[in-house]
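Engineer: Here you go, model_35.txt (compact mmCIF, C-alpha atoms):
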# COMPACT_ATOMS: atom_id res chain seq x y z
CA MET A 1 288.70 4.09 85.87
CA ASN A 2 287.81 7.50 84.49
CA GLY A 3 284.47 9.19 84.00
CA ARG A 4 283.98 12.23 81.87
CA GLY A 5 280.92 14.33 81.13
CA ALA A 6 280.89 17.11 78.61
CA GLY A 7 278.38 19.90 78.29
CA ASP A 8 280.46 22.46 76.43
CA THR A 9 278.04 24.94 74.92
CA GLY A 10 280.68 27.14 73.30
CA PRO A 11 284.09 25.76 72.37
CA ALA A 12 286.90 28.28 72.34
CA THR A 13 287.64 29.62 68.91
CA GLY A 14 290.92 31.35 69.64
CA GLY A 15 293.47 32.29 72.23
CA GLY A 16 291.70 35.51 73.16
CA ALA A 17 290.45 38.63 71.40
CA GLY A 18 292.32 41.91 71.37
CA SER A 19 291.49 44.87 73.58
CA GLU A 20 289.33 46.42 70.85
CA GLY A 21 286.96 43.43 70.92
CA ALA A 22 286.86 43.52 74.70
CA ALA A 23 285.93 47.18 74.71
CA ARG A 24 283.03 46.51 72.34
CA GLU A 25 281.65 43.95 74.81
CA GLY A 26 281.98 46.29 77.79
CA VAL A 27 284.64 44.22 79.55
CA ALA A 28 288.14 44.93 80.75
CA PRO A 29 290.76 44.40 78.00
CA ASP A 30 293.54 41.90 78.52
CA GLY A 31 296.04 44.72 78.48
CA ASP A 32 295.07 45.81 81.99
CA GLY A 33 296.89 42.83 83.51
CA LEU A 34 293.74 40.90 84.34
CA SER A 35 295.09 37.61 82.98
CA ALA A 36 298.20 37.89 85.14
CA ARG A 37 296.11 38.67 88.21
CA LEU A 38 293.89 35.67 87.52
CA LYS A 39 296.91 33.40 87.11
CA GLU A 40 297.92 34.25 90.68
CA TYR A 41 294.94 32.18 91.88
CA GLU A 42 296.25 28.96 90.33
CA GLY A 43 297.27 26.47 93.00
CA ARG A 44 295.44 28.29 95.79
CA ALA A 45 293.23 26.24 98.09
CA ALA A 46 289.46 26.72 97.91
CA THR A 47 288.71 24.13 100.64
CA ALA A 48 291.15 22.51 103.04
CA GLY A 49 290.03 19.69 105.29
CA GLY A 50 286.42 19.74 104.18
CA VAL A 51 284.17 17.10 105.73
CA GLY A 52 281.17 15.43 104.09
CA ARG A 53 277.89 16.18 105.85
CA ASP A 54 277.07 12.47 106.11
CA PRO A 55 279.04 9.23 105.94
CA VAL A 56 278.49 7.11 102.85
CA ASN A 57 275.11 5.49 103.52
CA ALA A 58 272.65 3.03 102.00
CA PRO A 59 269.60 5.37 101.82
CA MET A 60 271.45 7.91 99.65
CA ILE A 61 272.77 5.11 97.45
CA ARG A 62 269.26 3.69 97.07
CA HIS A 63 267.76 7.08 96.20
CA TRP A 64 270.51 7.73 93.63
CA CYS A 65 270.01 4.33 91.99
CA GLU A 66 266.23 4.77 91.89
CA ALA A 67 266.60 8.21 90.26
CA MET A 68 269.08 6.86 87.71
CA GLY A 69 267.23 3.61 87.09
CA ASP A 70 270.41 1.69 88.00
CA THR A 71 269.68 -1.85 89.23
CA ASN A 72 273.28 -3.09 89.43
CA PRO A 73 273.41 -5.57 92.35
CA ALA A 74 276.83 -4.20 93.37
CA TYR A 75 274.99 -1.27 94.97
CA THR A 76 272.76 -3.33 97.26
CA GLY A 77 273.25 -5.96 99.96
CA PRO A 78 275.75 -6.37 102.79
CA ASP A 79 278.81 -5.85 100.56
CA ALA A 80 277.38 -2.87 98.67
CA ILE A 81 279.51 -0.08 97.27
CA ALA A 82 278.38 3.36 96.18
CA PRO A 83 278.08 4.02 92.44
CA PRO A 84 281.38 5.65 91.40
CA THR A 85 279.53 8.55 89.79
CA MET A 86 278.22 9.55 93.24
CA LEU A 87 281.74 10.72 94.09
CA GLN A 88 280.87 14.42 94.25
CA ALA A 89 277.53 13.83 96.01
CA TRP A 90 279.25 13.01 99.31
CA THR A 91 280.94 16.43 99.35
CA MET A 92 277.85 18.56 98.72
CA SER A 93 276.37 20.82 101.34
CA GLY A 94 272.71 20.60 100.38
CA LEU A 95 270.19 23.43 100.33
CA SER A 96 271.71 25.06 103.41
CA GLY A 97 274.72 26.16 101.33
CA HIS A 98 278.39 26.08 102.21
CA ALA A 99 279.26 29.61 103.38
CA ASP A 100 280.06 28.32 106.87
CA ARG A 101 281.58 25.00 105.76
CA PRO A 102 284.69 24.05 107.78
CA GLY A 103 287.90 24.53 105.82
CA ARG A 104 286.35 26.74 103.17
CA SER A 105 288.45 29.73 102.08
CA THR A 106 287.43 32.89 100.26
CA THR A 107 289.62 32.07 97.25
CA TYR A 108 286.77 31.18 94.90
CA ASP A 109 284.72 34.20 95.97
CA GLU A 110 287.67 36.53 95.40
CA LEU A 111 288.33 35.07 91.95
CA PHE A 112 284.70 35.44 90.93
CA ALA A 113 284.54 38.98 92.28
CA LEU A 114 287.58 39.90 90.19
CA LEU A 115 285.96 38.48 87.05
CA ASP A 116 282.59 40.07 87.83
CA GLY A 117 284.25 43.44 88.36
CA ALA A 118 285.92 43.16 84.96
CA GLY A 119 282.57 42.53 83.25
CA TYR A 120 282.66 38.73 82.99
CA THR A 121 279.40 38.27 84.86
CA SER A 122 277.83 35.23 83.17
CA ILE A 123 278.69 31.64 83.94
CA VAL A 124 278.19 28.26 82.28
CA ALA A 125 279.51 24.83 83.27
CA THR A 126 281.45 23.30 80.40
CA ASP A 127 282.59 19.86 81.59
CA CYS A 128 283.59 17.69 84.52
CA GLU A 129 286.11 14.88 84.78
CA GLN A 130 286.29 12.24 87.51
CA GLU A 131 288.86 9.59 88.38
CA TYR A 132 287.87 6.71 90.67
CA LEU A 133 290.63 5.15 92.77
CA ARG A 134 288.84 3.35 95.61
CA PRO A 135 285.25 2.13 96.04
CA LEU A 136 283.17 4.01 98.62
CA ARG A 137 281.22 1.82 101.06
CA PRO A 138 278.50 2.57 103.62
CA GLY A 139 280.10 3.91 106.77
CA ASP A 140 283.06 5.59 105.04
CA GLU A 141 283.77 9.09 106.35
CA VAL A 142 284.47 11.45 103.46
CA THR A 143 286.92 14.36 103.58
CA PHE A 144 288.14 16.53 100.73
CA ASP A 145 290.41 19.35 99.63
CA SER A 146 289.85 21.58 96.61
CA MET A 147 291.98 24.07 94.75
CA ILE A 148 291.93 26.36 91.72
CA GLU A 149 293.89 24.18 89.32
CA SER A 150 294.00 26.49 86.33
CA VAL A 151 292.65 29.72 84.85
CA SER A 152 292.91 29.99 81.08
CA GLY A 153 293.93 32.98 79.09
CA ARG A 154 291.09 35.05 77.67
CA LYS A 155 289.10 33.01 75.14
CA THR A 156 286.51 33.94 72.54
CA THR A 157 283.63 31.47 72.33
CA LYS A 158 280.24 31.39 70.68
CA LEU A 159 278.69 32.52 73.96
CA GLY A 160 281.08 35.41 74.43
CA THR A 161 284.56 36.29 75.66
CA GLY A 162 285.76 34.96 79.00
CA TYR A 163 288.00 32.71 81.07
CA PHE A 164 287.83 28.98 81.77
CA VAL A 165 288.32 28.18 85.46
CA THR A 166 289.13 24.59 86.48
CA THR A 167 288.72 23.43 90.06
CA ARG A 168 290.20 20.14 91.30
CA MET A 169 288.84 18.30 94.33
CA ASP A 170 290.63 15.37 95.98
CA ILE A 171 288.18 13.16 97.86
CA ARG A 172 289.28 10.76 100.60
CA ALA A 173 287.53 7.95 102.43
CA CYS A 174 288.83 7.25 105.94
CA GLY A 175 292.01 9.12 104.98
CA GLU A 176 292.61 7.16 101.75
CA LEU A 177 292.37 8.89 98.36
CA ALA A 178 289.15 7.64 96.75
CA GLY A 179 288.97 9.84 93.66
CA THR A 180 289.43 13.23 92.06
CA HIS A 181 286.84 15.56 90.57
CA ARG A 182 287.67 18.33 88.12
CA PHE A 183 285.00 20.87 87.30
CA ARG A 184 285.40 23.52 84.62
CA ILE A 185 283.29 26.63 84.11
CA LEU A 186 283.41 29.56 81.73
CA LYS A 187 283.02 33.04 83.25
CA TYR A 188 282.18 35.25 80.29
CA ALA A 189 280.68 38.44 78.96
CA PRO A 190 277.80 37.48 76.63
CA ALA A 191 278.36 38.32 73.00
CA ARG A 192 275.98 40.93 71.67
CA ARG A 193 273.81 39.57 68.89
CA THR A 194 271.50 41.66 66.74
CA PRO A 195 270.12 39.28 64.09
CA LYS A 196 268.35 40.97 61.21
CA ASN A 197 264.58 40.56 60.87
CA ALA A 198 264.41 38.54 64.09
CA GLY A 199 261.90 39.27 66.81
CA PRO A 200 262.06 38.19 70.45
CA GLY A 201 262.48 34.44 70.91
CA THR A 202 263.63 33.85 67.34
CA ALA A 203 266.72 31.85 66.44
CA GLU A 204 269.46 33.62 64.53
CA PRO A 205 269.08 33.27 60.76
CA GLY A 206 271.58 30.76 59.44
CA ALA A 207 272.55 29.51 62.90
CA ARG A 208 273.16 25.77 63.02
CA ARG A 209 272.35 23.44 65.87
CA PRO A 210 275.33 22.01 67.75
CA ARG A 211 276.65 18.78 66.25
CA PRO A 212 276.28 15.66 68.43
CA VAL A 213 279.47 14.22 69.92
CA VAL A 214 279.98 10.88 68.17
CA ASN A 215 282.47 8.41 69.66
CA ARG A 216 283.18 4.69 69.54
CA ASP A 217 280.58 4.00 72.25
CA ASN A 218 277.61 5.72 70.58
CA ALA A 219 278.49 5.64 66.85
CA GLY A 220 275.97 2.83 66.26
CA PHE A 221 273.16 4.95 67.65
CA TRP A 222 273.90 7.84 65.30
CA GLU A 223 274.25 5.48 62.35
CA GLY A 224 270.75 4.27 63.19
CA VAL A 225 269.44 7.83 63.34
CA GLY A 226 270.97 8.43 59.91
CA ALA A 227 268.90 5.49 58.67
CA ARG A 228 265.77 6.84 60.47
CA ARG A 229 265.89 4.07 63.08
CA LEU A 230 265.99 4.52 66.87
CA LEU A 231 268.26 1.71 68.09
CA ILE A 232 268.46 0.54 71.71
CA GLN A 233 271.36 -1.49 73.04
CA ARG A 234 270.60 -4.98 74.41
CA CYS A 235 273.03 -6.98 76.53
CA THR A 236 273.57 -10.37 74.92
CA ALA A 237 274.39 -11.94 78.29
CA CYS A 238 271.29 -10.97 80.32
CA GLY A 239 269.01 -9.33 77.74
CA THR A 240 268.79 -5.97 79.58
CA LEU A 241 267.99 -3.01 77.34
CA ARG A 242 269.96 0.18 77.96
CA PHE A 243 269.85 3.78 76.83
CA PRO A 244 271.83 5.97 76.41
CA TRP A 245 274.42 3.77 74.79
CA LEU A 246 277.20 2.56 77.10
CA PRO A 247 280.28 0.35 76.65
CA GLY A 248 279.03 -2.26 79.16
CA CYS A 249 275.88 -3.58 80.80
CA GLY A 250 274.90 -1.88 84.05
CA ALA A 251 272.97 -4.94 85.21
CA CYS A 252 275.50 -7.76 84.76
CA GLY A 253 278.65 -6.01 83.54
CA GLY A 254 278.70 -7.88 80.23
CA PRO A 255 280.62 -6.13 77.46
CA ASP A 256 278.78 -7.68 74.48
CA TRP A 257 275.57 -6.34 73.02
CA ASP A 258 273.31 -6.17 70.01
CA THR A 259 270.45 -3.78 69.22
CA VAL A 260 266.68 -3.70 68.97
CA GLU A 261 264.75 -1.05 67.08
CA SER A 262 262.23 1.01 69.01
CA GLY A 263 258.69 0.94 67.75
CA GLY A 264 258.52 4.69 68.43
CA GLU A 265 255.69 4.73 70.99
CA GLY A 266 256.29 6.49 74.29
CA THR A 267 254.98 8.75 77.04
CA VAL A 268 256.36 11.91 78.65
CA TYR A 269 258.00 10.80 81.91
CA SER A 270 259.19 14.30 82.85
CA TYR A 271 259.78 17.58 81.06
CA VAL A 272 261.05 21.15 81.33
CA VAL A 273 260.15 24.23 79.27
CA MET A 274 263.24 26.17 78.25
CA HIS A 275 262.90 29.96 78.26
CA HIS A 276 266.50 31.08 78.82
CA PRO A 277 269.25 31.41 77.72
CA PRO A 278 268.47 32.06 74.04
CA PHE A 279 271.13 30.02 72.23
CA PRO A 280 271.56 30.46 68.48
CA ALA A 281 269.49 27.99 66.40
CA PHE A 282 266.97 27.47 69.23
CA ASP A 283 263.60 29.21 69.52
CA PRO A 284 262.57 29.52 73.17
CA PRO A 285 260.26 28.66 74.71
CA TYR A 286 260.38 24.96 73.81
CA ALA A 287 259.78 21.69 75.64
CA VAL A 288 262.54 19.21 76.44
CA ALA A 289 261.21 15.90 77.74
CA LEU A 290 262.42 12.67 79.22
CA VAL A 291 260.39 10.21 77.16
CA GLU A 292 259.79 6.68 78.38
CA LEU A 293 259.66 4.38 75.39
CA ALA A 294 257.33 1.38 75.24
CA GLU A 295 260.46 -0.79 75.41
CA GLY A 296 261.13 0.52 78.94
CA VAL A 297 264.14 2.84 78.43
CA ARG A 298 264.10 6.64 78.48
CA ILE A 299 265.47 9.22 76.05
CA VAL A 300 265.81 13.01 76.24
CA SER A 301 264.39 14.85 73.25
CA ASN A 302 262.06 17.64 72.14
CA VAL A 303 258.26 17.36 72.18
CA VAL A 304 256.73 18.92 69.07
CA GLY A 305 253.26 19.31 67.62
CA VAL A 306 251.68 21.09 70.62
CA PRO A 307 252.40 24.39 72.39
CA CYS A 308 255.11 23.88 74.99
CA ASP A 309 252.76 24.89 77.82
CA GLU A 310 250.43 22.02 76.92
CA VAL A 311 253.02 19.28 77.43
CA ARG A 312 252.08 17.07 80.38
CA ILE A 313 253.55 14.11 82.23
CA GLY A 314 251.97 10.92 80.88
CA MET A 315 251.22 12.47 77.48
CA PRO A 316 251.46 9.85 74.68
CA VAL A 317 254.06 10.74 72.05
CA ARG A 318 255.26 9.22 68.80
CA LEU A 319 258.77 9.19 67.35
CA GLU A 320 259.61 11.05 64.20
CA PHE A 321 262.86 12.26 62.66
CA ARG A 322 263.33 15.96 62.02
CA ARG A 323 265.89 17.41 59.61
CA TYR A 324 267.47 20.63 60.88
CA ASP A 325 269.97 21.27 58.09
CA GLU A 326 271.72 19.48 55.25
CA GLU A 327 273.72 17.38 57.73
CA LEU A 328 271.72 17.04 60.94
CA VAL A 329 268.73 14.78 61.57
CA LEU A 330 267.52 14.22 65.14
CA PRO A 331 264.83 12.06 66.75
CA VAL A 332 261.98 14.10 68.24
CA PHE A 333 258.59 13.15 69.67
CA ARG A 334 255.25 14.46 68.48
CA ALA A 335 252.27 14.57 70.80
CA ALA A 336 250.09 11.61 69.81
CA ALA A 337 246.99 13.75 69.34
CA ALA A 338 248.89 15.68 66.68
CA ALA A 339 250.79 12.68 65.30
CA ALA A 340 251.64 12.70 61.64
CA VAL A 341 252.51 9.80 59.39
CA PRO A 342 255.76 8.33 60.80
CA GLY A 343 258.85 9.41 58.97
CA GLU A 344 261.06 12.43 58.47
CA VAL A 345 259.80 15.98 58.68
CA SER A 346 261.51 19.25 57.92
Let me see whether you can do it: turn the structure in this file into structure tokens.
Structural biologist:
Amino acid sequence: MNGRGAGDTGPATGGGAGSEGAAREGVAPDGDGLSARLKEYEGRAATAGGVGRDPVNAPMIRHWCEAMGDTNPAYTGPDAIAPPTMLQAWTMSGLSGHADRPGRSTTYDELFALLDGAGYTSIVATDCEQEYLRPLRPGDEVTFDSMIESVSGRKTTKLGTGYFVTTRMDIRACGELAGTHRFRILKYAPARRTPKNAGPGTAEPGARRPRPVVNRDNAGFWEGVGARRLLIQRCTACGTLRFPWLPGCGACGGPDWDTVESGGEGTVYSYVVMHHPPFPAFDPPYAVALVELAEGVRIVSNVVGVPCDEVRIGMPVRLEFRRYDEELVLPVFRAAAAAAVPGEVS
């Protein structure tokens, strides 16, 4: 079983810019041998014989499931297992950090220092990939090893020029391989942008919002959005509603589903106001909320119609569809006090 999460904010657009482009950005050009020096870190251990701070345990599983809204009975009771997506959680050090963690080497610190010294001082996580090989159960003692699996050549992305660094962690339970976790980041030098006639906090003229990733599991949702309908999956075996769209039911495991259309009423369950970083096509500050729909599921979207500093937990909101360009329409939520006639807005 594989799990993959993508959050790539700037896909590579080429195999690396020339030294002239690097000089313009204030970073070391590729011609100084930096790429070769970075390649020397591939295969080097970052952690050897690491030990999880706690054995797999029921309280952490319960807290995780409550936070995720996951009521799958496989995670409770005397024969409970841990949700597979908790794989990395058992290796984390917590707020105390990991500088003195047993088995930790200085490899990662040295690699980052080399990149920082060459001018690649910014960082963004791009994606993670997990493979699950054995269920984790309460009482399992977790150990792990990690290594620098790969360092790309210099890449030019929308965020800037930099290097993709992939770390692989092998996680064991009672000595048996339970899963692998790959984590990829981009260490980059931000591209300099000087949009014309744009003041602070203004999106670049002509910049387009990122396109949603449409696949076989969520294509029906985006087809609904195209028809100005917010569709929620419903398991045909047990009737459980689920969002975001998934290939199977988290409650009973059933693979078959149909849809129900949301009535569009909801409340702000949680929110964050984004101030930084200033991505093209976005105008910070703006509010991103986790909206609880009247149907009982939650969706992440923007809250519009009120200043971002007036968004509050519990605020009633109403669905509308906003067109961002000739191709892209997205569901957003307008504060109920400022609600307009339902439909599409520009």
Engineer: For atom CA of A:Thr167 and atom CA of A:Val151, quote the distance in Å rounded to one decimal.
Structural biologist: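 Pair atom CA of A:Thr167 / atom CA of A:Val151 returns 9.1 Å.
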Engineer: What separation in Å, quoted to one decimal, exists between atom CA of A:Pro212 and atom CA of A:Leu330?
Structural biologist: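 A separation of 9.5 Å between them.
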Engineer: Nearest residue to A:Thr259 out of A:Arg192, A:His181, A:His276, A:Arg234, using only C-alpha atoms?
Structural biologist: A:Arg234
Engineer: What's the 12 Å shell around A:Gly224, counting only C-alpha atoms, without same-chain residues fewer than 5 positions away, as a VMD selection string?
Structural biologist: chain A and resid 218 to 219 229 to 233 259 to 262 321 329 to 331
Engineer: Find, counting all atoms listed in the file, the residue in A:Gly226, A:Pro277, A:Gly162, A:Pro78 that gets nearest to A:Phe112.
Structural biologist: A:Gly162
Engineer: Would you pick out the contacts of A:Arg137 at 7 Å or less, using all atoms listed in the file, so that residues sharing its chain but fewer than 3 positions from it are not included, and give the list as a list in words?
Structural biologist: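 Here the answer would be Val56, Ala80, Ile81, Ala82 and Asp140 of chain A.
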Engineer: Taking the block above, write stretch 236-257 of chain A with N, CA, C and O atoms as a PDB file, in the first residue's frame.
Structural biologist:
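The resulting file, result.pdb, is shown below:
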ATOM      1  N   THR A 236     -22.121   3.874  -0.371  1.00  0.00           N
ATOM      2  CA  THR A 236     -23.397   3.212  -0.619  1.00  0.00           C
ATOM      3  C   THR A 236     -23.606   2.009   0.307  1.00  0.00           C
ATOM      4  O   THR A 236     -24.716   1.484   0.378  1.00  0.00           O
ATOM      5  N   ALA A 237     -22.555   1.593   1.015  1.00  0.00           N
ATOM      6  CA  ALA A 237     -22.702   0.468   1.939  1.00  0.00           C
ATOM      7  C   ALA A 237     -23.195   0.917   3.305  1.00  0.00           C
ATOM      8  O   ALA A 237     -24.115   0.329   3.874  1.00  0.00           O
ATOM      9  N   CYS A 238     -22.595   2.002   3.857  1.00  0.00           N
ATOM     10  CA  CYS A 238     -22.973   2.428   5.210  1.00  0.00           C
ATOM     11  C   CYS A 238     -23.553   3.831   5.258  1.00  0.00           C
ATOM     12  O   CYS A 238     -23.999   4.281   6.315  1.00  0.00           O
ATOM     13  N   GLY A 239     -23.539   4.554   4.137  1.00  0.00           N
ATOM     14  CA  GLY A 239     -24.140   5.886   4.091  1.00  0.00           C
ATOM     15  C   GLY A 239     -23.268   7.001   4.623  1.00  0.00           C
ATOM     16  O   GLY A 239     -23.699   8.154   4.682  1.00  0.00           O
ATOM     17  N   THR A 240     -22.001   6.716   5.021  1.00  0.00           N
ATOM     18  CA  THR A 240     -21.123   7.752   5.565  1.00  0.00           C
ATOM     19  C   THR A 240     -20.714   8.740   4.482  1.00  0.00           C
ATOM     20  O   THR A 240     -20.306   8.331   3.381  1.00  0.00           O
ATOM     21  N   LEU A 241     -20.834  10.027   4.784  1.00  0.00           N
ATOM     22  CA  LEU A 241     -20.359  11.069   3.880  1.00  0.00           C
ATOM     23  C   LEU A 241     -18.870  11.266   4.096  1.00  0.00           C
ATOM     24  O   LEU A 241     -18.375  11.161   5.224  1.00  0.00           O
ATOM     25  N   ARG A 242     -18.141  11.584   3.030  1.00  0.00           N
ATOM     26  CA  ARG A 242     -16.710  11.831   3.192  1.00  0.00           C
ATOM     27  C   ARG A 242     -16.238  12.946   2.270  1.00  0.00           C
ATOM     28  O   ARG A 242     -16.704  13.093   1.140  1.00  0.00           O
ATOM     29  N   PHE A 243     -15.305  13.715   2.803  1.00  0.00           N
ATOM     30  CA  PHE A 243     -14.646  14.782   2.053  1.00  0.00           C
ATOM     31  C   PHE A 243     -13.324  15.064   2.759  1.00  0.00           C
ATOM     32  O   PHE A 243     -13.301  15.134   3.980  1.00  0.00           O
ATOM     33  N   PRO A 244     -12.210  15.206   1.995  1.00  0.00           N
ATOM     34  CA  PRO A 244     -12.117  15.193   0.536  1.00  0.00           C
ATOM     35  C   PRO A 244     -12.403  13.820  -0.046  1.00  0.00           C
ATOM     36  O   PRO A 244     -12.485  12.833   0.666  1.00  0.00           O
ATOM     37  N   TRP A 245     -12.505  13.794  -1.363  1.00  0.00           N
ATOM     38  CA  TRP A 245     -12.845  12.558  -2.052  1.00  0.00           C
ATOM     39  C   TRP A 245     -11.728  11.535  -1.886  1.00  0.00           C
ATOM     40  O   TRP A 245     -10.541  11.849  -1.988  1.00  0.00           O
ATOM     41  N   LEU A 246     -12.129  10.276  -1.648  1.00  0.00           N
ATOM     42  CA  LEU A 246     -11.196   9.175  -1.441  1.00  0.00           C
ATOM     43  C   LEU A 246     -11.681   7.948  -2.222  1.00  0.00           C
ATOM     44  O   LEU A 246     -12.875   7.829  -2.515  1.00  0.00           O
ATOM     45  N   PRO A 247     -10.773   7.004  -2.508  1.00  0.00           N
ATOM     46  CA  PRO A 247     -11.191   5.826  -3.277  1.00  0.00           C
ATOM     47  C   PRO A 247     -12.011   4.822  -2.482  1.00  0.00           C
ATOM     48  O   PRO A 247     -12.653   3.948  -3.071  1.00  0.00           O
ATOM     49  N   GLY A 248     -12.013   4.914  -1.143  1.00  0.00           N
ATOM     50  CA  GLY A 248     -12.771   3.970  -0.325  1.00  0.00           C
ATOM     51  C   GLY A 248     -13.284   4.619   0.931  1.00  0.00           C
ATOM     52  O   GLY A 248     -12.844   5.704   1.331  1.00  0.00           O
ATOM     53  N   CYS A 249     -14.237   3.968   1.587  1.00  0.00           N
ATOM     54  CA  CYS A 249     -14.866   4.503   2.788  1.00  0.00           C
ATOM     55  C   CYS A 249     -13.957   4.289   3.999  1.00  0.00           C
ATOM     56  O   CYS A 249     -13.500   3.169   4.256  1.00  0.00           O
ATOM     57  N   GLY A 250     -13.724   5.345   4.764  1.00  0.00           N
ATOM     58  CA  GLY A 250     -12.911   5.225   5.964  1.00  0.00           C
ATOM     59  C   GLY A 250     -13.635   4.589   7.122  1.00  0.00           C
ATOM     60  O   GLY A 250     -13.006   4.172   8.098  1.00  0.00           O
ATOM     61  N   ALA A 251     -14.958   4.496   7.034  1.00  0.00           N
ATOM     62  CA  ALA A 251     -15.739   3.931   8.137  1.00  0.00           C
ATOM     63  C   ALA A 251     -15.900   2.424   7.997  1.00  0.00           C
ATOM     64  O   ALA A 251     -15.695   1.676   8.957  1.00  0.00           O
ATOM     65  N   CYS A 252     -16.244   1.953   6.792  1.00  0.00           N
ATOM     66  CA  CYS A 252     -16.491   0.513   6.622  1.00  0.00           C
ATOM     67  C   CYS A 252     -15.584  -0.134   5.585  1.00  0.00           C
ATOM     68  O   CYS A 252     -15.591  -1.362   5.442  1.00  0.00           O
ATOM     69  N   GLY A 253     -14.808   0.678   4.857  1.00  0.00           N
ATOM     70  CA  GLY A 253     -13.919   0.134   3.846  1.00  0.00           C
ATOM     71  C   GLY A 253     -14.569  -0.134   2.508  1.00  0.00           C
ATOM     72  O   GLY A 253     -13.907  -0.614   1.579  1.00  0.00           O
ATOM     73  N   GLY A 254     -15.848   0.165   2.365  1.00  0.00           N
ATOM     74  CA  GLY A 254     -16.554  -0.092   1.112  1.00  0.00           C
ATOM     75  C   GLY A 254     -15.996   0.719  -0.038  1.00  0.00           C
ATOM     76  O   GLY A 254     -15.706   1.907   0.124  1.00  0.00           O
ATOM     77  N   PRO A 255     -15.871   0.121  -1.224  1.00  0.00           N
ATOM     78  CA  PRO A 255     -15.306   0.834  -2.365  1.00  0.00           C
ATOM     79  C   PRO A 255     -16.330   1.593  -3.211  1.00  0.00           C
ATOM     80  O   PRO A 255     -15.951   2.404  -4.057  1.00  0.00           O
ATOM     81  N   ASP A 256     -17.623   1.339  -2.992  1.00  0.00           N
ATOM     82  CA  ASP A 256     -18.659   1.920  -3.857  1.00  0.00           C
ATOM     83  C   ASP A 256     -19.274   3.156  -3.215  1.00  0.00           C
ATOM     84  O   ASP A 256     -19.449   3.230  -2.002  1.00  0.00           O
ATOM     85  N   TRP A 257     -19.607   4.120  -4.049  1.00  0.00           N
ATOM     86  CA  TRP A 257     -20.123   5.376  -3.523  1.00  0.00           C
ATOM     87  C   TRP A 257     -20.993   6.064  -4.566  1.00  0.00           C
ATOM     88  O   TRP A 257     -20.941   5.768  -5.753  1.00  0.00           O
TER      89      TRP A 257
END
